[in-house]
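> Once you've had a glance at the structure underneath, I'll fire off some questions.
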Amino acid sequence: MSSTPSYPPVALLIIDVINDFDFPEGHMLIEQALPIAPNIADLKNKAKENGIPVIYVNDNFGKWQSDRKKLVNYCLEKEGKEFVEQLVPEDNDFFIIKPMHSAFFSTPLSTLLHDMKITTLILAGLAGNICVLFSANDAFMRDFTLYVPEDCSASNITEDNERAILLIKNTLRADTSSSHELNFKKIIKEAEQNKKRTIL
């Protein structure tokens with residue numbers, strides 16, 4: 001019998017925000033990422049106020065012996081410290097290491113979401129045109145209802161992020177309204193109704 005606490009059927013996935021930005025175009029991503037950090041932080045706070053679980057899914061930058069604390073401390077010493085320190089996971093947040101772009105590929109995420117009976121996902125993070133897009137695609141194929149706030153992801157180039165958001169909206173049928181427009185109580189209510197219909 002599962003001992004997982006009871007949650008609404010909605011989860012917030014925060015992707016690759018614990019980041020060392022240590023790659024050739026890292027400075028470009030930092031520049032694009034800094035303005036969205038407060039948006040993601042606010043999105044997370046509102047999710048937690050509504051009882052929605054927060055799941056960080058993060059690259060480990062080749063540091064396979066790292067745990068969450070070591071990875072956070074490592075990234076806080078790198079170029080993107082100003083971004084990372086606004087989004088440090090809390091003790092009651094979930095934290096999953098991923099080896100590739102998608103949050104689902106070779107991770108226990110699907111099992112965790114199934115155990116928590118999640119049917120709706122809100123996605124935020126970096127980079128919008130790679131890891132957020134790939135994760136949204138895999139979530140869509142798993143029949144999750146998707147919300148990907150347009151102001152909570154960033155890519156190296158603004159236009160690339162805009163194209164990714166458009167693709168997520170039009171092809172993956174996600175709601176891409178800004179984070180300030182999201183009504184969490186409505187999202188939870190609709191997710192609970194969908195969950196009941198699925199059971200029936």
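Quick note on naming: the chains in the structure tokens go A, B, ... in the order shown, residues restart at 1 in each chain, and ligands are numbered from 1 in order of appearance.
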Within 12 Å of Thr111 (chain A), counting only C-alpha atoms, which residues show up once you throw out same-chain ones fewer than 4 positions away? Write them as a short mmCIF file (atom, residue, chain, number, x, y, z; two decimals) with N, CA and C atoms, in the first residue's frame, please.


```cif
data_model
loop_
_atom_site.label_atom_id
_atom_site.label_comp_id
_atom_site.auth_asym_id
_atom_site.auth_seq_id
_atom_site.Cartn_x
_atom_site.Cartn_y
_atom_site.Cartn_z
N SER A 2 0.55 2.25 -0.84
CA SER A 2 1.38 3.44 -0.95
C SER A 2 1.28 4.30 0.29
N THR A 4 2.45 7.45 0.07
CA THR A 4 2.57 8.79 -0.47
C THR A 4 1.46 9.67 0.06
N ILE A 96 14.53 15.19 -8.62
CA ILE A 96 14.87 14.04 -9.46
C ILE A 96 16.01 14.43 -10.40
N PHE A 104 11.27 12.85 -18.29
CA PHE A 104 10.77 11.49 -18.19
C PHE A 104 11.80 10.43 -18.57
N PHE A 105 12.78 10.80 -19.38
CA PHE A 105 13.69 9.79 -19.92
C PHE A 105 14.62 9.24 -18.83
N SER A 106 14.52 7.92 -18.59
CA SER A 106 15.37 7.22 -17.62
C SER A 106 15.33 7.84 -16.22
N THR A 107 14.14 8.31 -15.83
CA THR A 107 13.95 8.83 -14.47
C THR A 107 12.73 8.15 -13.85
N ASP A 115 2.01 7.32 -8.73
CA ASP A 115 1.79 7.04 -7.32
C ASP A 115 0.99 8.16 -6.65
N MET A 116 1.23 9.41 -7.11
CA MET A 116 0.52 10.56 -6.54
C MET A 116 -0.81 10.83 -7.25
N LYS A 117 -1.11 10.01 -8.28
CA LYS A 117 -2.36 10.13 -9.03
C LYS A 117 -2.49 11.51 -9.71
N ILE A 118 -1.37 11.97 -10.27
CA ILE A 118 -1.33 13.25 -10.96
C ILE A 118 -1.84 13.09 -12.39
N ARG A 142 1.95 10.93 -22.68
CA ARG A 142 1.46 10.16 -21.52
C ARG A 142 0.08 10.64 -21.07
#
```

> List the spatial neighbours of region 178-194 of chain A as a PyMOL selection string - criterion: any atom at most 12 Å away, only C-alpha atoms, same-chain residues fewer than 5 positions off excluded.

chain A and resi 7-12+36-53+117-124+143-153+165+199-200

> Might you pull out every residue within 10 Å of Val17 (chain A), with only C-alpha atoms counted and same-chain residues fewer than 3 positions away left off, and present them as a list of chain:residue names?

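My reading of the contact set: A:Ile14, A:Asp20, A:Phe21, A:Ala33, A:Ala37, A:Ile40, A:Tyr56, A:Val57, A:Asn58, A:Asp59, A:Val72, A:Cys75, A:Gly80, A:Phe83, A:Val84, A:Glu85, A:Gln86, A:Leu87, A:Val88, A:Pro89, A:Ala124, A:Gly125, A:Leu126, A:Ala127, A:Ser153.
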
> Next, write the just-selected residues to a file, as an mmCIF file, in the first residue's frame, keeping N, CA, C and O atoms as the atom set.


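What ended up in again-v6.cif:
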```
data_model
loop_
_atom_site.group_PDB
_atom_site.id
_atom_site.type_symbol
_atom_site.label_atom_id
_atom_site.label_comp_id
_atom_site.auth_asym_id
_atom_site.auth_seq_id
_atom_site.Cartn_x
_atom_site.Cartn_y
_atom_site.Cartn_z
ATOM 1 N N ILE A 14 9.628 21.775 -12.174
ATOM 2 C CA ILE A 14 10.592 22.855 -12.384
ATOM 3 C C ILE A 14 11.858 22.223 -12.944
ATOM 4 O O ILE A 14 12.521 21.429 -12.278
ATOM 5 N N ASP A 20 24.553 25.227 -13.725
ATOM 6 C CA ASP A 20 25.869 25.860 -13.639
ATOM 7 C C ASP A 20 26.151 26.795 -14.813
ATOM 8 O O ASP A 20 27.121 27.554 -14.784
ATOM 9 N N PHE A 21 25.301 26.764 -15.845
ATOM 10 C CA PHE A 21 25.449 27.627 -17.031
ATOM 11 C C PHE A 21 26.866 27.544 -17.600
ATOM 12 O O PHE A 21 27.361 28.496 -18.211
ATOM 13 N N ALA A 33 17.390 34.119 -18.616
ATOM 14 C CA ALA A 33 16.780 33.430 -17.474
ATOM 15 C C ALA A 33 16.510 34.350 -16.290
ATOM 16 O O ALA A 33 15.504 34.182 -15.579
ATOM 17 N N ALA A 37 13.138 34.360 -13.291
ATOM 18 C CA ALA A 37 13.319 33.734 -11.973
ATOM 19 C C ALA A 37 12.227 34.139 -10.980
ATOM 20 O O ALA A 37 11.649 33.272 -10.309
ATOM 21 N N ILE A 40 8.988 32.220 -11.812
ATOM 22 C CA ILE A 40 8.986 30.811 -11.394
ATOM 23 C C ILE A 40 8.856 30.711 -9.885
ATOM 24 O O ILE A 40 8.124 29.854 -9.364
ATOM 25 N N TYR A 56 11.301 19.185 -8.688
ATOM 26 C CA TYR A 56 12.444 19.631 -9.477
ATOM 27 C C TYR A 56 12.974 18.432 -10.266
ATOM 28 O O TYR A 56 13.164 17.356 -9.704
ATOM 29 N N VAL A 57 13.198 18.640 -11.557
ATOM 30 C CA VAL A 57 13.842 17.605 -12.378
ATOM 31 C C VAL A 57 15.047 18.273 -13.024
ATOM 32 O O VAL A 57 14.904 19.257 -13.750
ATOM 33 N N ASN A 58 16.230 17.751 -12.733
ATOM 34 C CA ASN A 58 17.441 18.517 -13.011
ATOM 35 C C ASN A 58 18.569 17.664 -13.572
ATOM 36 O O ASN A 58 18.758 16.517 -13.166
ATOM 37 N N ASP A 59 19.312 18.257 -14.506
ATOM 38 C CA ASP A 59 20.567 17.638 -14.932
ATOM 39 C C ASP A 59 21.541 17.619 -13.753
ATOM 40 O O ASP A 59 21.426 18.432 -12.829
ATOM 41 N N VAL A 72 23.144 21.808 -5.552
ATOM 42 C CA VAL A 72 22.769 23.199 -5.308
ATOM 43 C C VAL A 72 23.995 24.018 -4.911
ATOM 44 O O VAL A 72 24.237 25.105 -5.443
ATOM 45 N N CYS A 75 26.222 24.730 -7.897
ATOM 46 C CA CYS A 75 25.701 25.734 -8.820
ATOM 47 C C CYS A 75 25.686 27.136 -8.209
ATOM 48 O O CYS A 75 25.772 28.133 -8.937
ATOM 49 N N GLY A 80 25.785 31.458 -12.671
ATOM 50 C CA GLY A 80 24.353 31.709 -12.557
ATOM 51 C C GLY A 80 23.839 31.812 -11.141
ATOM 52 O O GLY A 80 22.637 31.655 -10.902
ATOM 53 N N PHE A 83 20.627 33.698 -10.385
ATOM 54 C CA PHE A 83 19.413 33.009 -10.822
ATOM 55 C C PHE A 83 19.083 31.854 -9.885
ATOM 56 O O PHE A 83 17.958 31.730 -9.387
ATOM 57 N N VAL A 84 20.055 31.004 -9.625
ATOM 58 C CA VAL A 84 19.834 29.774 -8.852
ATOM 59 C C VAL A 84 19.358 30.074 -7.437
ATOM 60 O O VAL A 84 18.454 29.407 -6.917
ATOM 61 N N GLU A 85 19.937 31.087 -6.801
ATOM 62 C CA GLU A 85 19.611 31.340 -5.400
ATOM 63 C C GLU A 85 18.155 31.756 -5.202
ATOM 64 O O GLU A 85 17.627 31.656 -4.091
ATOM 65 N N GLN A 86 17.489 32.169 -6.269
ATOM 66 C CA GLN A 86 16.066 32.521 -6.168
ATOM 67 C C GLN A 86 15.158 31.298 -6.232
ATOM 68 O O GLN A 86 13.965 31.394 -5.929
ATOM 69 N N LEU A 87 15.740 30.150 -6.613
ATOM 70 C CA LEU A 87 14.915 28.973 -6.892
ATOM 71 C C LEU A 87 15.427 27.709 -6.209
ATOM 72 O O LEU A 87 15.155 26.602 -6.654
ATOM 73 N N VAL A 88 16.135 27.865 -5.120
ATOM 74 C CA VAL A 88 16.673 26.715 -4.393
ATOM 75 C C VAL A 88 15.523 25.859 -3.860
ATOM 76 O O VAL A 88 14.576 26.388 -3.259
ATOM 77 N N PRO A 89 15.558 24.551 -4.086
ATOM 78 C CA PRO A 89 14.478 23.681 -3.588
ATOM 79 C C PRO A 89 14.427 23.643 -2.066
ATOM 80 O O PRO A 89 15.455 23.745 -1.398
ATOM 81 N N ALA A 124 7.801 24.532 -15.938
ATOM 82 C CA ALA A 124 8.553 25.782 -15.959
ATOM 83 C C ALA A 124 10.034 25.442 -15.942
ATOM 84 O O ALA A 124 10.429 24.361 -15.499
ATOM 85 N N GLY A 125 10.870 26.363 -16.459
ATOM 86 C CA GLY A 125 12.302 26.134 -16.333
ATOM 87 C C GLY A 125 13.095 26.408 -17.590
ATOM 88 O O GLY A 125 12.706 27.207 -18.452
ATOM 89 N N LEU A 126 14.224 25.705 -17.704
ATOM 90 C CA LEU A 126 15.218 25.926 -18.756
ATOM 91 C C LEU A 126 15.538 24.621 -19.477
ATOM 92 O O LEU A 126 15.454 23.566 -18.873
ATOM 93 N N ALA A 127 15.985 24.682 -20.682
ATOM 94 C CA ALA A 127 15.701 25.769 -21.606
ATOM 95 C C ALA A 127 14.374 25.471 -22.292
ATOM 96 O O ALA A 127 14.040 24.314 -22.549
ATOM 97 N N SER A 153 9.646 30.224 -18.743
ATOM 98 C CA SER A 153 10.709 29.456 -19.402
ATOM 99 C C SER A 153 11.572 30.428 -20.196
ATOM 100 O O SER A 153 11.127 31.519 -20.566
#
```

> Identify all residues of region 61-125 of chain A in strand (DSSP E) (DSSP on the backbone) and supply them as a PyMOL selection string.

chain A and resi 94-98+120-125

> Any chance you could list, as a tab-separated table (two decimals) with N, CA and C atoms, in the first residue's frame, the residues in region 61-188 of chain A that come up helix (DSSP H, G or I) when DSSP is run on the backbone?


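Generated file (result06.tsv):
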```
chain	number	residue	atom	x	y	z
A	68	ARG	N	21.05	16.33	-3.94
A	68	ARG	CA	20.46	17.66	-4.16
A	68	ARG	C	21.30	18.77	-3.52
A	69	LYS	N	21.70	18.56	-2.27
A	69	LYS	CA	22.44	19.60	-1.56
A	69	LYS	C	23.77	19.91	-2.23
A	70	LYS	N	24.50	18.87	-2.63
A	70	LYS	CA	25.80	19.08	-3.28
A	70	LYS	C	25.63	19.78	-4.62
A	71	LEU	N	24.58	19.41	-5.35
A	71	LEU	CA	24.36	20.02	-6.66
A	71	LEU	C	24.00	21.49	-6.51
A	72	VAL	N	23.14	21.81	-5.55
A	72	VAL	CA	22.77	23.20	-5.31
A	72	VAL	C	24.00	24.02	-4.91
A	73	ASN	N	24.78	23.50	-3.97
A	73	ASN	CA	25.97	24.22	-3.52
A	73	ASN	C	26.96	24.45	-4.66
A	74	TYR	N	27.11	23.44	-5.52
A	74	TYR	CA	28.00	23.56	-6.68
A	74	TYR	C	27.52	24.69	-7.59
A	75	CYS	N	26.22	24.73	-7.90
A	75	CYS	CA	25.70	25.73	-8.82
A	75	CYS	C	25.69	27.14	-8.21
A	81	LYS	N	24.72	32.10	-10.19
A	81	LYS	CA	24.32	32.14	-8.77
A	81	LYS	C	23.09	33.02	-8.54
A	82	GLU	N	23.05	34.19	-9.17
A	82	GLU	CA	21.96	35.13	-8.95
A	82	GLU	C	20.61	34.53	-9.36
A	83	PHE	N	20.63	33.70	-10.39
A	83	PHE	CA	19.41	33.01	-10.82
A	83	PHE	C	19.08	31.85	-9.88
A	84	VAL	N	20.06	31.00	-9.62
A	84	VAL	CA	19.83	29.77	-8.85
A	84	VAL	C	19.36	30.07	-7.44
A	109	LEU	N	10.20	9.64	-12.72
A	109	LEU	CA	9.11	10.63	-12.70
A	109	LEU	C	7.75	10.01	-12.98
A	110	SER	N	7.65	9.18	-14.00
A	110	SER	CA	6.35	8.57	-14.33
A	110	SER	C	5.79	7.78	-13.15
A	111	THR	N	6.67	7.04	-12.50
A	111	THR	CA	6.24	6.23	-11.34
A	111	THR	C	5.76	7.13	-10.22
A	112	LEU	N	6.50	8.22	-9.96
A	112	LEU	CA	6.12	9.15	-8.90
A	112	LEU	C	4.77	9.79	-9.20
A	113	LEU	N	4.57	10.26	-10.42
A	113	LEU	CA	3.31	10.90	-10.78
A	113	LEU	C	2.15	9.93	-10.71
A	114	HIS	N	2.38	8.69	-11.12
A	114	HIS	CA	1.34	7.66	-11.04
A	114	HIS	C	1.00	7.39	-9.58
A	115	ASP	N	2.01	7.32	-8.73
A	115	ASP	CA	1.79	7.04	-7.32
A	115	ASP	C	0.99	8.16	-6.65
A	128	GLY	N	13.64	26.53	-22.59
A	128	GLY	CA	12.30	26.36	-23.13
A	128	GLY	C	12.25	25.57	-24.41
A	129	ASN	N	13.26	25.76	-25.27
A	129	ASN	CA	13.25	25.11	-26.58
A	129	ASN	C	13.93	23.74	-26.58
A	130	ILE	N	14.40	23.31	-25.41
A	130	ILE	CA	15.03	21.98	-25.34
A	130	ILE	C	14.37	21.15	-24.24
A	131	CYS	N	14.82	21.31	-23.01
A	131	CYS	CA	14.36	20.41	-21.94
A	131	CYS	C	12.89	20.60	-21.57
A	132	VAL	N	12.42	21.86	-21.57
A	132	VAL	CA	10.99	22.08	-21.29
A	132	VAL	C	10.15	21.52	-22.43
A	133	LEU	N	10.57	21.78	-23.67
A	133	LEU	CA	9.84	21.27	-24.83
A	133	LEU	C	9.83	19.75	-24.87
A	134	PHE	N	10.98	19.13	-24.67
A	134	PHE	CA	11.05	17.66	-24.71
A	134	PHE	C	10.21	17.05	-23.58
A	135	SER	N	10.24	17.67	-22.41
A	135	SER	CA	9.46	17.16	-21.28
A	135	SER	C	7.96	17.31	-21.54
A	136	ALA	N	7.58	18.45	-22.11
A	136	ALA	CA	6.17	18.67	-22.45
A	136	ALA	C	5.70	17.64	-23.48
A	137	ASN	N	6.54	17.36	-24.46
A	137	ASN	CA	6.20	16.37	-25.48
A	137	ASN	C	5.97	14.99	-24.86
A	138	ASP	N	6.88	14.59	-23.97
A	138	ASP	CA	6.73	13.28	-23.32
A	138	ASP	C	5.51	13.25	-22.40
A	139	ALA	N	5.22	14.37	-21.75
A	139	ALA	CA	4.03	14.44	-20.90
A	139	ALA	C	2.76	14.33	-21.74
A	140	PHE	N	2.76	14.98	-22.89
A	140	PHE	CA	1.61	14.92	-23.80
A	140	PHE	C	1.36	13.49	-24.26
A	141	MET	N	2.43	12.78	-24.59
A	141	MET	CA	2.28	11.39	-25.04
A	141	MET	C	1.79	10.48	-23.92
A	158	THR	N	15.52	34.69	-27.49
A	158	THR	CA	14.10	34.95	-27.21
A	158	THR	C	13.20	34.32	-28.25
A	159	GLU	N	13.55	34.47	-29.51
A	159	GLU	CA	12.70	33.96	-30.59
A	159	GLU	C	12.59	32.44	-30.54
A	160	ASP	N	13.66	31.76	-30.13
A	160	ASP	CA	13.61	30.30	-30.00
A	160	ASP	C	12.63	29.89	-28.92
A	161	ASN	N	12.61	30.64	-27.83
A	161	ASN	CA	11.67	30.32	-26.75
A	161	ASN	C	10.24	30.57	-27.19
A	162	GLU	N	10.03	31.66	-27.92
A	162	GLU	CA	8.68	31.97	-28.40
A	162	GLU	C	8.17	30.89	-29.34
A	163	ARG	N	9.05	30.40	-30.22
A	163	ARG	CA	8.65	29.32	-31.14
A	163	ARG	C	8.33	28.04	-30.38
A	164	ALA	N	9.11	27.76	-29.34
A	164	ALA	CA	8.86	26.55	-28.54
A	164	ALA	C	7.51	26.64	-27.85
A	165	ILE	N	7.22	27.80	-27.28
A	165	ILE	CA	5.93	28.00	-26.60
A	165	ILE	C	4.78	27.86	-27.58
A	166	LEU	N	4.95	28.39	-28.77
A	166	LEU	CA	3.90	28.28	-29.79
A	166	LEU	C	3.68	26.82	-30.18
A	167	LEU	N	4.76	26.08	-30.32
A	167	LEU	CA	4.66	24.65	-30.65
A	167	LEU	C	3.97	23.89	-29.52
A	168	ILE	N	4.33	24.19	-28.30
A	168	ILE	CA	3.71	23.54	-27.14
A	168	ILE	C	2.22	23.85	-27.09
A	169	LYS	N	1.86	25.08	-27.41
A	169	LYS	CA	0.44	25.47	-27.40
A	169	LYS	C	-0.35	24.80	-28.52
A	170	ASN	N	0.18	24.87	-29.73
A	170	ASN	CA	-0.58	24.42	-30.89
A	170	ASN	C	-0.54	22.91	-31.10
A	179	SER	N	1.92	33.12	-16.04
A	179	SER	CA	1.75	32.59	-14.68
A	179	SER	C	0.77	33.41	-13.86
A	180	HIS	N	0.70	34.72	-14.14
A	180	HIS	CA	-0.18	35.60	-13.37
A	180	HIS	C	-1.65	35.38	-13.73
A	181	GLU	N	-1.89	34.74	-14.86
A	181	GLU	CA	-3.27	34.48	-15.30
A	181	GLU	C	-3.79	33.13	-14.81
A	184	PHE	N	-5.26	28.66	-9.91
A	184	PHE	CA	-4.90	27.34	-9.40
A	184	PHE	C	-6.10	26.56	-8.88
A	185	LYS	N	-7.03	27.24	-8.28
A	185	LYS	CA	-8.21	26.53	-7.77
A	185	LYS	C	-9.02	25.94	-8.93
A	186	LYS	N	-9.10	26.69	-10.03
A	186	LYS	CA	-9.81	26.19	-11.22
A	186	LYS	C	-9.05	25.02	-11.84
A	187	ILE	N	-7.73	25.12	-11.91
A	187	ILE	CA	-6.92	24.03	-12.46
A	187	ILE	C	-7.11	22.76	-11.65
A	188	ILE	N	-7.09	22.89	-10.33
A	188	ILE	CA	-7.27	21.73	-9.45
A	188	ILE	C	-8.67	21.14	-9.63
```

> With only C-alpha atoms as the atoms that count, which of A:Asn19, A:Leu29, A:Thr171, A:Ile55 lies nearest to Asp91 (chain A)?

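Comparing A:Asn19, A:Leu29, A:Thr171, A:Ile55 against Asp91 (chain A), the winner is A:Ile55.
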
> Would you mind telling me which residue in A:Ile18, A:Ile157, A:Ile30, A:Val54 lies nearest to Asn92 (chain A) when using only C-alpha atoms?

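Using only C-alpha atoms, Asn92 (chain A) sits closest to A:Val54.
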
> Separation of CA of Asp22 (chain A) and CA of Glu90 (chain A), in Å?

24.0 Å
